[in-house]
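Just start07.txt here, compact mmCIF, C-alpha atoms and all ligand atoms:
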```txt
# COMPACT_ATOMS: atom_id res chain seq x y z
CA MET A 1 24.63 -61.34 -20.59
CA SER A 2 22.78 -58.04 -20.24
CA ASP A 3 23.21 -55.70 -17.32
CA ASN A 4 20.26 -53.55 -16.16
CA ARG A 5 21.80 -51.73 -13.20
CA SER A 6 20.48 -48.20 -12.71
CA THR A 7 23.05 -45.43 -12.64
CA THR A 8 20.61 -42.66 -11.63
CA ARG A 9 19.30 -44.46 -8.55
CA LEU A 10 15.81 -43.63 -9.81
CA ARG A 11 13.39 -46.16 -11.19
CA THR A 12 9.79 -45.87 -12.26
CA GLN A 13 9.16 -49.35 -13.68
CA ILE A 14 10.04 -52.97 -13.08
CA ALA A 15 10.11 -55.13 -16.21
CA GLY A 16 7.97 -52.54 -17.99
CA ILE A 17 5.30 -52.27 -15.28
CA PRO A 18 5.05 -48.97 -13.37
CA VAL A 19 5.93 -49.37 -9.70
CA ALA A 20 2.89 -47.21 -8.90
CA GLN A 21 0.66 -49.75 -10.67
CA LEU A 22 2.18 -52.67 -8.76
CA SER A 23 1.82 -50.83 -5.47
CA ALA A 24 -1.76 -49.83 -6.15
CA ALA A 25 -2.69 -53.53 -6.36
CA HIS A 26 -0.39 -54.93 -3.67
CA PRO A 27 0.42 -53.56 -0.24
CA THR A 28 4.13 -53.04 0.32
CA PRO A 29 6.48 -54.71 0.96
CA PHE A 30 6.42 -57.22 -1.90
CA TYR A 31 8.85 -59.06 -4.13
CA VAL A 32 8.67 -58.82 -7.92
CA TYR A 33 10.47 -61.18 -10.30
CA ASP A 34 11.12 -60.61 -13.98
CA GLN A 35 10.70 -63.93 -15.76
CA ALA A 36 12.67 -62.78 -18.83
CA LYS A 37 15.78 -62.27 -16.72
CA ILE A 38 15.59 -65.77 -15.24
CA VAL A 39 15.22 -67.27 -18.72
CA GLU A 40 18.14 -65.17 -20.01
CA ARG A 41 20.34 -66.45 -17.21
CA ILE A 42 19.44 -70.10 -17.87
CA GLU A 43 20.32 -69.57 -21.54
CA ASP A 44 23.71 -68.07 -20.55
CA LEU A 45 24.71 -71.48 -19.16
CA LYS A 46 23.41 -73.72 -21.92
CA ALA A 47 26.94 -74.84 -22.90
CA PHE A 48 26.89 -77.11 -19.85
CA ASP A 49 25.13 -80.46 -20.40
CA VAL A 50 22.88 -79.82 -17.40
CA VAL A 51 21.91 -76.61 -15.63
CA ARG A 52 20.66 -77.83 -12.27
CA TYR A 53 18.94 -75.02 -10.38
CA ALA A 54 19.87 -74.82 -6.70
CA GLN A 55 16.36 -73.92 -5.62
CA LYS A 56 17.41 -72.83 -2.15
CA ALA A 57 18.07 -69.45 -3.76
CA CYS A 58 14.38 -68.89 -4.57
CA SER A 59 12.10 -71.88 -4.32
CA ASN A 60 8.70 -70.46 -5.20
CA ILE A 61 7.05 -73.16 -7.30
CA ALA A 62 6.36 -70.66 -10.11
CA VAL A 63 10.11 -69.99 -10.34
CA LEU A 64 10.78 -73.73 -10.38
CA ASP A 65 8.20 -74.08 -13.14
CA ILE A 66 10.02 -71.44 -15.24
CA CYS A 67 13.28 -73.33 -14.77
CA ARG A 68 11.68 -76.62 -15.76
CA ARG A 69 10.02 -75.16 -18.86
CA HIS A 70 13.36 -73.73 -19.96
CA GLY A 71 15.28 -76.95 -19.62
CA ALA A 72 16.89 -76.63 -16.19
CA LEU A 73 16.82 -79.55 -13.76
CA VAL A 74 16.70 -79.07 -10.01
CA ASP A 75 18.61 -79.64 -6.80
CA ALA A 76 16.78 -80.22 -3.50
CA VAL A 77 18.38 -79.97 -0.07
CA SER A 78 15.41 -81.01 2.06
CA ALA A 79 12.19 -82.99 1.94
CA GLY A 80 10.36 -79.71 1.48
CA GLU A 81 12.44 -78.86 -1.57
CA ILE A 82 11.77 -82.32 -3.05
CA LEU A 83 8.04 -81.72 -2.63
CA ARG A 84 8.36 -78.25 -4.16
CA ALA A 85 10.16 -79.69 -7.19
CA GLU A 86 7.34 -82.22 -7.61
CA ALA A 87 4.71 -79.50 -7.19
CA ALA A 88 6.40 -77.61 -10.03
CA GLY A 89 6.17 -80.63 -12.33
CA PHE A 90 9.60 -82.23 -11.97
CA VAL A 91 9.34 -86.01 -12.00
CA ALA A 92 11.58 -88.39 -10.10
CA ASP A 93 12.67 -90.57 -13.02
CA GLY A 94 15.00 -89.58 -15.79
CA ASP A 95 18.54 -89.63 -17.06
CA PRO A 96 20.05 -87.26 -16.04
CA PRO A 97 17.91 -87.33 -12.89
CA PRO A 98 15.53 -84.35 -12.90
CA ILE A 99 15.71 -84.02 -9.09
CA VAL A 100 18.86 -84.65 -7.07
CA TYR A 101 18.81 -84.63 -3.27
CA THR A 102 22.04 -82.98 -2.03
CA ALA A 103 22.81 -82.83 1.67
CA ASP A 104 25.20 -83.81 4.45
CA ILE A 105 22.53 -85.68 6.42
CA PHE A 106 19.23 -87.42 5.86
CA ASP A 107 16.50 -86.44 8.23
CA GLN A 108 13.75 -89.03 8.56
CA GLN A 109 11.38 -87.37 6.11
CA ALA A 110 14.03 -86.82 3.46
CA LEU A 111 15.23 -90.43 3.62
CA GLU A 112 11.67 -91.72 3.32
CA LEU A 113 10.97 -89.48 0.30
CA VAL A 114 14.24 -90.37 -1.42
CA LEU A 115 13.46 -94.08 -1.03
CA ASP A 116 9.82 -93.76 -1.97
CA ARG A 117 10.55 -91.72 -5.12
CA ASN A 118 13.82 -93.49 -5.93
CA LEU A 119 15.62 -90.13 -6.15
CA HIS A 120 19.27 -89.78 -7.01
CA VAL A 121 21.32 -88.70 -3.97
CA ASN A 122 24.44 -86.57 -3.75
CA CYS A 123 25.94 -87.72 -0.44
CA GLY A 124 27.94 -85.25 1.65
CA SER A 125 28.88 -87.76 4.36
CA THR A 126 29.74 -91.45 4.62
CA ASP A 127 26.93 -91.77 7.17
CA MET A 128 24.50 -90.91 4.40
CA LEU A 129 26.02 -93.66 2.25
CA GLU A 130 25.54 -96.18 5.05
CA GLN A 131 21.98 -95.10 5.83
CA LEU A 132 21.03 -95.22 2.16
CA GLY A 133 22.95 -98.43 1.46
CA LYS A 134 21.32 -100.28 4.36
CA LYS A 135 17.84 -99.40 3.15
CA ASP A 136 18.37 -99.71 -0.59
CA PRO A 137 21.62 -101.37 -1.68
CA GLY A 138 22.64 -101.44 -5.31
CA ARG A 139 21.82 -97.84 -6.18
CA SER A 140 23.88 -95.31 -8.07
CA VAL A 141 25.03 -92.29 -6.06
CA THR A 142 27.02 -89.07 -6.37
CA LEU A 143 29.56 -87.98 -3.77
CA ARG A 144 29.95 -84.37 -2.74
CA ILE A 145 33.63 -83.79 -2.09
CA ASN A 146 35.07 -81.03 0.05
CA PRO A 147 38.31 -80.33 -1.84
CA GLY A 148 40.04 -78.87 1.24
CA PHE A 149 39.49 -75.24 0.26
CA GLY A 150 36.52 -72.98 -0.19
CA HIS A 151 35.50 -69.40 -0.85
CA GLY A 152 32.31 -67.34 -0.73
CA HIS A 153 31.15 -63.73 -0.62
CA SER A 154 31.13 -64.19 3.17
CA GLN A 155 32.79 -66.67 5.53
CA LYS A 156 29.23 -67.87 6.24
CA THR A 157 28.78 -68.92 2.61
CA ASN A 158 32.17 -70.62 2.26
CA THR A 159 31.37 -74.32 1.92
CA GLY A 160 34.86 -75.80 1.58
CA GLY A 161 37.92 -76.28 3.76
CA SER A 162 38.25 -77.71 7.24
CA GLN A 163 35.91 -75.17 8.89
CA SER A 164 33.06 -76.21 6.65
CA LYS A 165 30.62 -78.99 7.52
CA HIS A 166 29.93 -79.73 3.86
CA GLY A 167 30.95 -82.70 1.78
CA ILE A 168 33.24 -85.67 2.19
CA TRP A 169 36.79 -84.58 2.95
CA HIS A 170 38.90 -85.13 -0.15
CA THR A 171 41.36 -87.51 1.48
CA GLU A 172 38.45 -89.63 2.80
CA LEU A 173 37.19 -90.35 -0.69
CA GLU A 174 38.83 -93.75 -0.89
CA LYS A 175 37.29 -94.78 2.42
CA SER A 176 33.88 -93.62 1.20
CA LEU A 177 34.25 -95.73 -1.91
CA GLN A 178 34.84 -98.74 0.34
CA VAL A 179 31.68 -97.95 2.30
CA ALA A 180 29.80 -97.60 -0.97
CA GLU A 181 31.11 -100.95 -2.15
CA GLN A 182 30.06 -102.60 1.09
CA TYR A 183 26.45 -101.70 0.20
CA ASP A 184 26.85 -102.30 -3.51
CA LEU A 185 26.39 -98.58 -4.18
CA LYS A 186 27.86 -97.43 -7.47
CA VAL A 187 29.55 -94.03 -7.37
CA VAL A 188 28.68 -92.55 -10.76
CA GLY A 189 29.00 -88.86 -9.96
CA LEU A 190 31.29 -86.38 -8.25
CA HIS A 191 30.23 -82.93 -7.11
CA MET A 192 32.10 -79.99 -5.62
CA HIS A 193 30.58 -76.73 -4.41
CA ILE A 194 33.10 -74.53 -2.61
CA GLY A 195 30.86 -71.63 -1.68
CA SER A 196 28.21 -69.15 -2.70
CA GLY A 197 29.12 -65.90 -4.42
CA THR A 198 32.74 -66.83 -5.05
CA ASP A 199 34.92 -65.76 -8.00
CA LEU A 200 36.52 -67.17 -11.13
CA GLU A 201 39.92 -67.58 -9.49
CA HIS A 202 38.56 -69.89 -6.78
CA LEU A 203 36.07 -71.62 -9.06
CA SER A 204 38.91 -72.48 -11.42
CA GLN A 205 40.83 -74.25 -8.66
CA VAL A 206 37.92 -76.66 -8.30
CA VAL A 207 38.54 -78.02 -11.80
CA THR A 208 41.94 -79.41 -10.80
CA ALA A 209 40.57 -80.76 -7.51
CA MET A 210 37.79 -82.51 -9.42
CA GLU A 211 40.22 -84.18 -11.79
CA GLN A 212 42.23 -85.44 -8.84
CA SER A 213 39.16 -86.92 -7.14
CA ALA A 214 38.06 -88.44 -10.45
CA GLN A 215 41.31 -90.44 -10.54
CA VAL A 216 40.31 -92.06 -7.25
CA VAL A 217 36.83 -93.01 -8.48
CA GLY A 218 37.97 -94.26 -11.88
CA ASP A 219 35.97 -95.25 -14.91
CA GLN A 220 32.65 -95.88 -13.17
CA LEU A 221 32.35 -92.08 -13.14
CA GLY A 222 29.76 -90.68 -15.56
CA THR A 223 29.00 -87.16 -14.28
CA ILE A 224 30.95 -84.31 -12.75
CA SER A 225 29.20 -81.31 -11.22
CA ALA A 226 30.88 -77.92 -10.92
CA GLY A 227 28.43 -76.92 -8.17
CA GLY A 228 27.11 -73.38 -7.92
CA GLY A 229 28.82 -70.26 -6.63
CA LEU A 230 28.69 -68.03 -9.71
CA PRO A 231 28.63 -64.45 -8.45
CA ILE A 232 26.57 -61.59 -9.83
CA PRO A 233 27.64 -57.94 -9.76
CA TYR A 234 25.85 -56.27 -6.86
CA GLN A 235 28.11 -53.19 -6.89
CA ALA A 236 28.75 -50.93 -9.89
CA GLU A 237 32.44 -51.82 -10.09
CA GLU A 238 31.85 -55.58 -9.96
CA GLU A 239 31.83 -57.64 -13.15
CA TYR A 240 30.34 -60.85 -14.45
CA VAL A 241 32.41 -64.00 -14.51
CA ASP A 242 33.66 -64.83 -18.00
CA LEU A 243 31.31 -67.77 -18.53
CA ALA A 244 32.90 -68.92 -21.76
CA ALA A 245 36.32 -69.11 -20.09
CA TYR A 246 34.83 -70.91 -17.10
CA PHE A 247 33.04 -73.44 -19.30
CA ASP A 248 36.22 -74.03 -21.33
CA LEU A 249 38.13 -74.98 -18.17
CA TRP A 250 35.51 -77.54 -17.22
CA ASP A 251 35.05 -78.78 -20.75
CA ALA A 252 38.77 -79.40 -21.14
CA ALA A 253 38.86 -81.33 -17.85
CA ARG A 254 35.85 -83.37 -18.93
CA HIS A 255 37.52 -84.25 -22.23
CA ARG A 256 40.71 -85.34 -20.48
CA LEU A 257 38.66 -87.63 -18.24
CA GLU A 258 36.68 -88.95 -21.21
CA LYS A 259 39.91 -89.83 -22.99
CA GLN A 260 41.32 -91.50 -19.92
CA PHE A 261 38.19 -93.47 -18.98
CA GLY A 262 37.04 -94.15 -22.52
CA ARG A 263 33.48 -93.03 -21.84
CA LYS A 264 31.21 -89.99 -21.94
CA ILE A 265 31.39 -87.70 -18.90
CA HIS A 266 28.41 -85.42 -18.37
CA LEU A 267 29.10 -81.92 -17.11
CA GLU A 268 26.65 -80.25 -14.73
CA ILE A 269 26.53 -76.78 -13.18
CA GLU A 270 24.36 -76.00 -10.17
CA PRO A 271 23.71 -72.28 -9.89
CA GLY A 272 21.29 -70.66 -7.50
CA ARG A 273 22.10 -66.97 -7.23
CA TYR A 274 23.15 -66.55 -10.88
CA LEU A 275 19.74 -67.58 -12.22
CA VAL A 276 17.50 -65.48 -10.00
CA ALA A 277 19.32 -62.70 -8.12
CA GLU A 278 19.01 -59.98 -10.74
CA ALA A 279 15.43 -60.94 -11.59
CA GLY A 280 14.18 -60.00 -8.11
CA PHE A 281 13.19 -56.66 -6.59
CA LEU A 282 11.89 -55.93 -3.10
CA VAL A 283 9.55 -52.96 -3.16
CA ALA A 284 9.00 -51.04 0.08
CA GLU A 285 7.48 -47.71 1.00
CA ILE A 286 9.29 -44.95 2.86
CA ARG A 287 7.28 -44.42 6.03
CA ALA A 288 9.55 -42.14 8.08
CA ILE A 289 12.45 -39.81 7.32
CA LYS A 290 14.43 -38.67 10.33
CA ARG A 291 17.71 -37.27 11.45
CA MET A 292 19.82 -38.84 14.19
CA GLY A 293 22.85 -36.64 14.88
CA ASP A 294 24.70 -36.46 11.58
CA ASN A 295 22.77 -39.26 9.93
CA TRP A 296 19.60 -39.11 7.85
CA PHE A 297 17.45 -42.25 7.94
CA TYR A 298 14.89 -43.49 5.44
CA LEU A 299 12.74 -46.00 7.32
CA VAL A 300 10.81 -48.34 5.07
CA ASP A 301 8.15 -50.98 5.68
CA ALA A 302 10.40 -53.94 4.70
CA GLY A 303 12.84 -55.31 7.25
CA PHE A 304 15.27 -58.15 7.70
CA ASN A 305 12.25 -60.38 8.10
CA ASP A 306 11.84 -59.80 4.33
CA LEU A 307 15.49 -59.63 3.23
CA ALA A 308 18.08 -60.97 5.65
CA ARG A 309 21.24 -60.73 3.53
CA PRO A 310 22.39 -57.34 4.86
CA ILE A 311 22.06 -58.32 8.53
CA LEU A 312 23.41 -61.85 7.93
CA TYR A 313 26.38 -61.04 5.74
CA GLY A 314 26.64 -57.24 5.52
CA SER A 315 25.57 -57.68 1.89
CA TYR A 316 25.28 -54.73 -0.44
CA HIS A 317 22.14 -54.43 -2.56
CA PRO A 318 21.63 -51.71 -5.17
CA MET A 319 18.72 -49.43 -4.21
CA THR A 320 16.61 -47.04 -6.21
CA ILE A 321 13.85 -44.57 -5.41
CA CYS A 322 10.53 -44.25 -7.21
CA HIS A 323 8.81 -40.93 -6.50
CA ARG A 324 5.10 -41.26 -5.85
CA ASN A 325 4.37 -37.81 -7.28
CA GLY A 326 6.40 -38.57 -10.38
CA ALA A 327 8.67 -35.52 -9.98
CA PRO A 328 12.21 -36.81 -10.40
CA SER A 329 14.58 -35.23 -7.92
CA ALA A 330 18.17 -34.81 -9.01
CA ALA A 331 19.33 -33.94 -5.50
CA MET A 332 21.08 -36.72 -3.66
CA ARG A 333 21.31 -37.31 0.06
CA GLU A 334 23.56 -39.65 2.09
CA VAL A 335 21.14 -41.85 4.00
CA VAL A 336 20.95 -44.90 6.21
CA VAL A 337 18.12 -47.22 5.12
CA GLY A 338 16.36 -49.12 7.89
CA GLY A 339 13.26 -51.23 8.35
CA PRO A 340 10.37 -51.38 10.81
CA LEU A 341 11.61 -54.07 13.19
CA CYS A 342 12.20 -53.56 16.87
CA GLU A 343 15.90 -54.41 16.52
CA SER A 344 18.86 -52.08 15.93
CA GLY A 345 20.31 -54.39 13.32
CA ASP A 346 17.31 -53.88 11.03
CA ILE A 347 19.38 -51.80 8.63
CA PHE A 348 19.77 -52.45 4.89
CA THR A 349 22.89 -50.27 4.60
CA GLN A 350 25.35 -52.11 6.78
CA GLU A 351 28.69 -53.79 6.34
CA GLU A 352 29.82 -57.17 7.62
CA GLY A 353 30.10 -56.97 11.40
CA GLY A 354 27.01 -54.78 11.64
CA PHE A 355 28.66 -51.43 10.93
CA VAL A 356 26.01 -49.00 9.74
CA CYS A 357 26.94 -47.05 6.61
CA THR A 358 25.24 -44.51 4.38
CA ARG A 359 24.24 -44.64 0.74
CA PRO A 360 23.76 -41.75 -1.69
CA LEU A 361 20.11 -41.89 -2.73
CA PRO A 362 17.80 -39.33 -4.32
CA GLU A 363 16.00 -37.05 -1.92
CA ALA A 364 12.67 -38.65 -1.15
CA GLU A 365 9.39 -37.92 0.57
CA LEU A 366 7.12 -40.02 2.71
CA GLY A 367 5.14 -42.38 0.51
CA ASP A 368 7.90 -42.71 -2.11
CA TRP A 369 9.01 -46.24 -2.88
CA LEU A 370 12.41 -47.67 -2.14
CA ILE A 371 13.32 -50.58 -4.38
CA ILE A 372 15.96 -53.02 -3.22
CA GLU A 373 17.44 -54.63 -6.31
CA CYS A 374 19.24 -57.91 -7.05
CA ALA A 375 17.08 -59.38 -4.31
CA GLY A 376 15.84 -62.51 -6.08
CA ALA A 377 18.39 -64.90 -4.56
CA TYR A 378 18.36 -65.70 -0.85
CA GLY A 379 15.66 -63.05 -0.41
CA ALA A 380 12.07 -64.26 -0.02
CA VAL A 381 13.28 -67.75 0.89
CA MET A 382 14.98 -66.43 4.01
CA GLY A 383 11.90 -64.47 5.08
CA SER A 384 10.63 -64.91 8.63
CA ASN A 385 7.76 -63.87 10.86
CA TYR A 386 9.97 -61.95 13.28
CA ASN A 387 7.97 -59.23 15.05
CA SER A 388 4.90 -61.09 13.71
CA LYS A 389 5.35 -59.62 10.26
CA PRO A 390 3.64 -61.64 7.53
CA LEU A 391 5.69 -63.16 4.71
CA ALA A 392 5.63 -60.71 1.81
CA ALA A 393 3.76 -61.35 -1.42
CA GLU A 394 5.75 -62.48 -4.45
CA LEU A 395 4.77 -61.25 -7.92
CA LEU A 396 5.98 -62.45 -11.29
CA ILE A 397 6.05 -60.36 -14.43
CA ARG A 398 5.70 -62.52 -17.53
CA ASP A 399 5.12 -61.06 -20.99
CA GLY A 400 3.95 -57.78 -19.51
CA GLN A 401 1.41 -59.41 -17.18
CA VAL A 402 1.64 -59.39 -13.40
CA HIS A 403 0.94 -62.67 -11.61
CA THR A 404 0.72 -63.16 -7.86
CA ILE A 405 2.85 -66.24 -7.25
CA ARG A 406 2.59 -66.03 -3.47
CA ALA A 407 -0.10 -64.03 -1.73
CA ARG A 408 0.96 -62.06 1.31
CA GLN A 409 0.60 -64.26 4.38
CA THR A 410 -2.46 -63.61 6.53
CA PHE A 411 -2.54 -63.39 10.33
CA GLU A 412 -4.53 -66.64 10.38
CA GLN A 413 -1.87 -68.43 8.32
CA MET A 414 0.87 -67.08 10.56
CA THR A 415 -0.75 -68.21 13.80
CA GLY A 416 -2.88 -71.10 12.52
CA ALA A 417 -0.72 -73.87 14.03
CA GLU A 418 -0.47 -72.18 17.45
CA ARG A 419 -2.65 -73.36 20.36
CA ILE A 420 -3.41 -72.03 23.82
CA PRO A 421 -3.58 -75.11 26.10
CA ASP A 422 -6.85 -75.63 28.04
C1 LIG B 501 25.21 -77.78 -2.84
C2 LIG B 501 24.94 -76.42 -3.35
N1 LIG B 501 24.80 -76.24 -4.66
C3 LIG B 501 24.55 -75.01 -5.19
C4 LIG B 501 24.42 -73.91 -4.37
C5 LIG B 501 24.10 -72.61 -5.02
O1 LIG B 501 25.05 -71.64 -4.79
P1 LIG B 501 24.92 -70.26 -5.57
O2 LIG B 501 23.61 -69.68 -5.22
O3 LIG B 501 26.06 -69.44 -5.07
O4 LIG B 501 25.05 -70.56 -7.01
C6 LIG B 501 24.58 -74.05 -2.98
C7 LIG B 501 24.49 -72.88 -2.10
O5 LIG B 501 25.37 -72.63 -1.30
C8 LIG B 501 24.86 -75.33 -2.46
O6 LIG B 501 25.00 -75.53 -1.14
```

Would you encode the structure as structure tokens?
Amino acid sequence: MSDNRSTTRLRTQIAGIPVAQLSAAHPTPFYVYDQAKIVERIEDLKAFDVVRYAQKACSNIAVLDICRRHGALVDAVSAGEILRAEAAGFVADGDPPPIVYTADIFDQQALELVLDRNLHVNCGSTDMLEQLGKKDPGRSVTLRINPGFGHGHSQKTNTGGSQSKHGIWHTELEKSLQVAEQYDLKVVGLHMHIGSGTDLEHLSQVVTAMEQSAQVVGDQLGTISAGGGLPIPYQAEEEYVDLAAYFDLWDAARHRLEKQFGRKIHLEIEPGRYLVAEAGFLVAEIRAIKRMGDNWFYLVDAGFNDLARPILYGSYHPMTICHRNGAPSAAMREVVVGGPLCESGDIFTQEEGGFVCTRPLPEAELGDWLIIECAGAYGAVMGSNYNSKPLAAELLIRDGQVHTIRARQTFEQMTGAERIPD
């Protein structure tokens, strides 16, 4: 895989398009995605039988369309995500199923859609099995198993172990199979996802846990899913996971199961972050530069309403400066980067627990652009209207052309469903 992290902390272009050109046509803040990077990341994982995109990471229908055109299938965790997948051209029918609904509950709308479209379901609770089985017995299903351990880049993204709400507890698998049998549901798949932004050490442990659960299910099993969780290097010293080594672990497990069960076992991977994080940039403008005691602040026009990862998890994002006047400054300054919101936590340079920290960035002037990088995953999708800020525009760069894939939200769209009672 290729790595395009900037070492100078200066940037003038995104995917070959000058930042000044993008900003001239679109008011800041806005997201920009580089299609080539998304395609490259899908290709990285082609050894797996199925790359199933966890669209929660970035569910713009244009991004889903790119995934579909490049052979990825899709995961949906809500009725809205099912409808998005359909809007991007994914169809319900197919083997392997193009759309899989993965959740720990059915809300009313999701259950209705799943039944109406006959979608494959990855059940994270026995209650889901019962609710599905009562309405439509005789289906094939996948079970999401919580293997009893988990790991993520933050405790909030750890989706395994006894403090996590996700999946069917591993020792309850047998009981779940009985519930499935009661409704004539055939368990054909097993899935484990232990957390988002984890590491190879923890991901590798899942392989053994999967083989153990597969023993309980037996030879009706046709698919195992490694889940998502592949990290990307946000910091300079971080590295990519050795994908070949990771695939080999899963492939070996799959072959052992194939030998034992005497049938083909399909191997899926379900990445979100890995496919889109590095493709995305959040472009903001520096609107104030001020000193508070010993700290210098760059205040930009994007806030945690646009990118919530720093305030939610203390996440680190690489940042670069693009000078409006074109004069590159070699001088660096330790700065705190904050947004426009009326909330002290609206700081992009913070650690977990809300501790504000500084970042060495080039000296900048008002009107220069600050570019927050590796922002494609869990960025725009977590946007909100806090402080009545509109959702930012999303742009896609494809073959050197800029496409608006979501226009900036208008005031009318933001308030359109609100009513003052008579
Ligand atoms: C069921 C499931 N699959 C896949 C993912 C994608 O995770 P990631 O973006 O870390 O690859 C998630 C996110 O936590 C998830 O809950």

Quiz item: Quick one: residues within 6 Å of segment 40-50 of chain A, all atoms listed in the file counted, chain neighbours fewer than 4 positions away excluded, as a PyMOL selection string?
Solution: chain A and resi 267-268+275

Quiz item: Between A:Ala330, A:Val77, A:Ile347, A:Ala92, which one has atoms that come closest to Ala57 of chain A, using all atoms listed in the file?
Solution: A:Val77

Quiz item: Using only C-alpha atoms and all ligand atoms, what are the residues with an atom within 6 Å of ligand LIG 501 (chain B), set out as a ChimeraX atom specification?
Solution: /A:54,57,193,195-197,227-230,270-274

Generate a file of the selected residues that holds C-alpha atoms, formatted as a PDB file, in the frame of the given file.
```pdb
ATOM      1  CA  ALA A  54      19.870 -74.820  -6.700  1.00  0.00           C
ATOM      2  CA  ALA A  57      18.070 -69.450  -3.760  1.00  0.00           C
ATOM      3  CA  HIS A 193      30.580 -76.730  -4.410  1.00  0.00           C
ATOM      4  CA  GLY A 195      30.860 -71.630  -1.680  1.00  0.00           C
ATOM      5  CA  SER A 196      28.210 -69.150  -2.700  1.00  0.00           C
ATOM      6  CA  GLY A 197      29.120 -65.900  -4.420  1.00  0.00           C
ATOM      7  CA  GLY A 227      28.430 -76.920  -8.170  1.00  0.00           C
ATOM      8  CA  GLY A 228      27.110 -73.380  -7.920  1.00  0.00           C
ATOM      9  CA  GLY A 229      28.820 -70.260  -6.630  1.00  0.00           C
ATOM     10  CA  LEU A 230      28.690 -68.030  -9.710  1.00  0.00           C
ATOM     11  CA  GLU A 270      24.360 -76.000 -10.170  1.00  0.00           C
ATOM     12  CA  PRO A 271      23.710 -72.280  -9.890  1.00  0.00           C
ATOM     13  CA  GLY A 272      21.290 -70.660  -7.500  1.00  0.00           C
ATOM     14  CA  ARG A 273      22.100 -66.970  -7.230  1.00  0.00           C
ATOM     15  CA  TYR A 274      23.150 -66.550 -10.880  1.00  0.00           C
TER      16      TYR A 274
END
```

Self-check item: Pick from A:Gly138, A:Pro29, A:Gly376, A:Gly89, whichever lies nearest to Val300 of chain A using only C-alpha atoms
Solution: A:Pro29

Quiz item: Please, what distance in Å, to one decimal, runs between atom CA of Ala277 of chain A and atom CA of His166 of chain A?
Solution: 23.4 Å

Per residue of segment 344-379 of chain A within 10 Å of segment 234-239 of chain A, which atom pair is closest and at what distance in Å (one decimal), using only C-alpha atoms, listed by chain and increasing number, as a Markdown table?
```
| residue | atom | partner | partner_atom | distance |
| --- | --- | --- | --- | --- |
| A:Glu373 | CA | A:Tyr234 | CA | 8.6 |
| A:Cys374 | CA | A:Tyr234 | CA | 6.8 |
| A:Ala375 | CA | A:Tyr234 | CA | 9.6 |
```

Could you write those residues out with C-alpha atoms, as a PDB file, keeping the file's coordinate frame?
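Output (selection-v1.pdb):
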```pdb
ATOM      1  CA  GLU A 373      17.440 -54.630  -6.310  1.00  0.00           C
ATOM      2  CA  CYS A 374      19.240 -57.910  -7.050  1.00  0.00           C
ATOM      3  CA  ALA A 375      17.080 -59.380  -4.310  1.00  0.00           C
TER       4      ALA A 375
END
```

Quiz item: For Arg309 of chain A, which of A:Glu174, A:Asp107, A:Asp75, A:Glu352 is the closest residue, counting only C-alpha atoms?
Solution: A:Glu352

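Summary of the local environment: counting all atoms listed in the file, residues at most 8 Å from segment 13-27 of chain A, other than itself and those fewer than 3 positions away along its chain, are Phe30, Val32, Asp34, Cys322, Arg324, Ala393, Ile397 and Gly400 of chain A.
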
Practice problem: Extract, using all atoms listed in the file, all DNA, RNA and protein residues at most 12 Å from Ser388 of chain A, discarding same-chain residues fewer than 4 positions from it, and format them as an MDAnalysis selection string. | Solution: chainID A and resid 303 305:306 340:342 383:384 392 409:415

Quiz item: Can you list, as a PyMOL selection string, every protein, DNA or RNA residue that comes within 10 Å of Gly218 of chain A when you count all atoms listed in the file, leaving out same-chain residues fewer than 3 positions away?
Solution: chain A and resi 187-188+213-215+221-222+257+260-261

Selection to disk with C-alpha atoms, as an mmCIF file, in the frame of the given file:
```
data_model
loop_
_atom_site.group_PDB
_atom_site.id
_atom_site.type_symbol
_atom_site.label_atom_id
_atom_site.label_comp_id
_atom_site.auth_asym_id
_atom_site.auth_seq_id
_atom_site.Cartn_x
_atom_site.Cartn_y
_atom_site.Cartn_z
ATOM 1 C CA VAL A 187 29.550 -94.030 -7.370
ATOM 2 C CA VAL A 188 28.680 -92.550 -10.760
ATOM 3 C CA SER A 213 39.160 -86.920 -7.140
ATOM 4 C CA ALA A 214 38.060 -88.440 -10.450
ATOM 5 C CA GLN A 215 41.310 -90.440 -10.540
ATOM 6 C CA LEU A 221 32.350 -92.080 -13.140
ATOM 7 C CA GLY A 222 29.760 -90.680 -15.560
ATOM 8 C CA LEU A 257 38.660 -87.630 -18.240
ATOM 9 C CA GLN A 260 41.320 -91.500 -19.920
ATOM 10 C CA PHE A 261 38.190 -93.470 -18.980
#
```

Quiz prompt | Distance query Pro137 of chain A at most 6 Å, all atoms listed in the file, self and fewer than 3 positions along chain excluded, as a ChimeraX atom specification | solution = /A:133,183-184

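If you measure from each of A:Ala284, A:Ala380, A:Leu73, A:Ile232 to Phe348 of chain A using all atoms listed in the file, the closest one turns out to be A:Ala284.
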
Quiz item: Quick one: distance from atom CA of Leu243 of chain A to atom CA of Val207 of chain A in Å, one decimal?
Solution: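 Interatomic distance, atom CA of Leu243 of chain A to atom CA of Val207 of chain A: 14.2 Å.
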
Practice problem: Return the single residue from A:Ala364, A:Val74, A:Leu177, A:Val206 that is closest to Phe149 of chain A, with distances computed using only C-alpha atoms. | Solution: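 Result for the nearest residue to Phe149 of chain A: A:Val206.
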
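Minimum atom-to-atom distances from A:Tyr246, A:Arg256, A:Thr171, A:Ser125 to Val216 of chain A were compared using all atoms listed in the file, and the lowest value belongs to A:Thr171.
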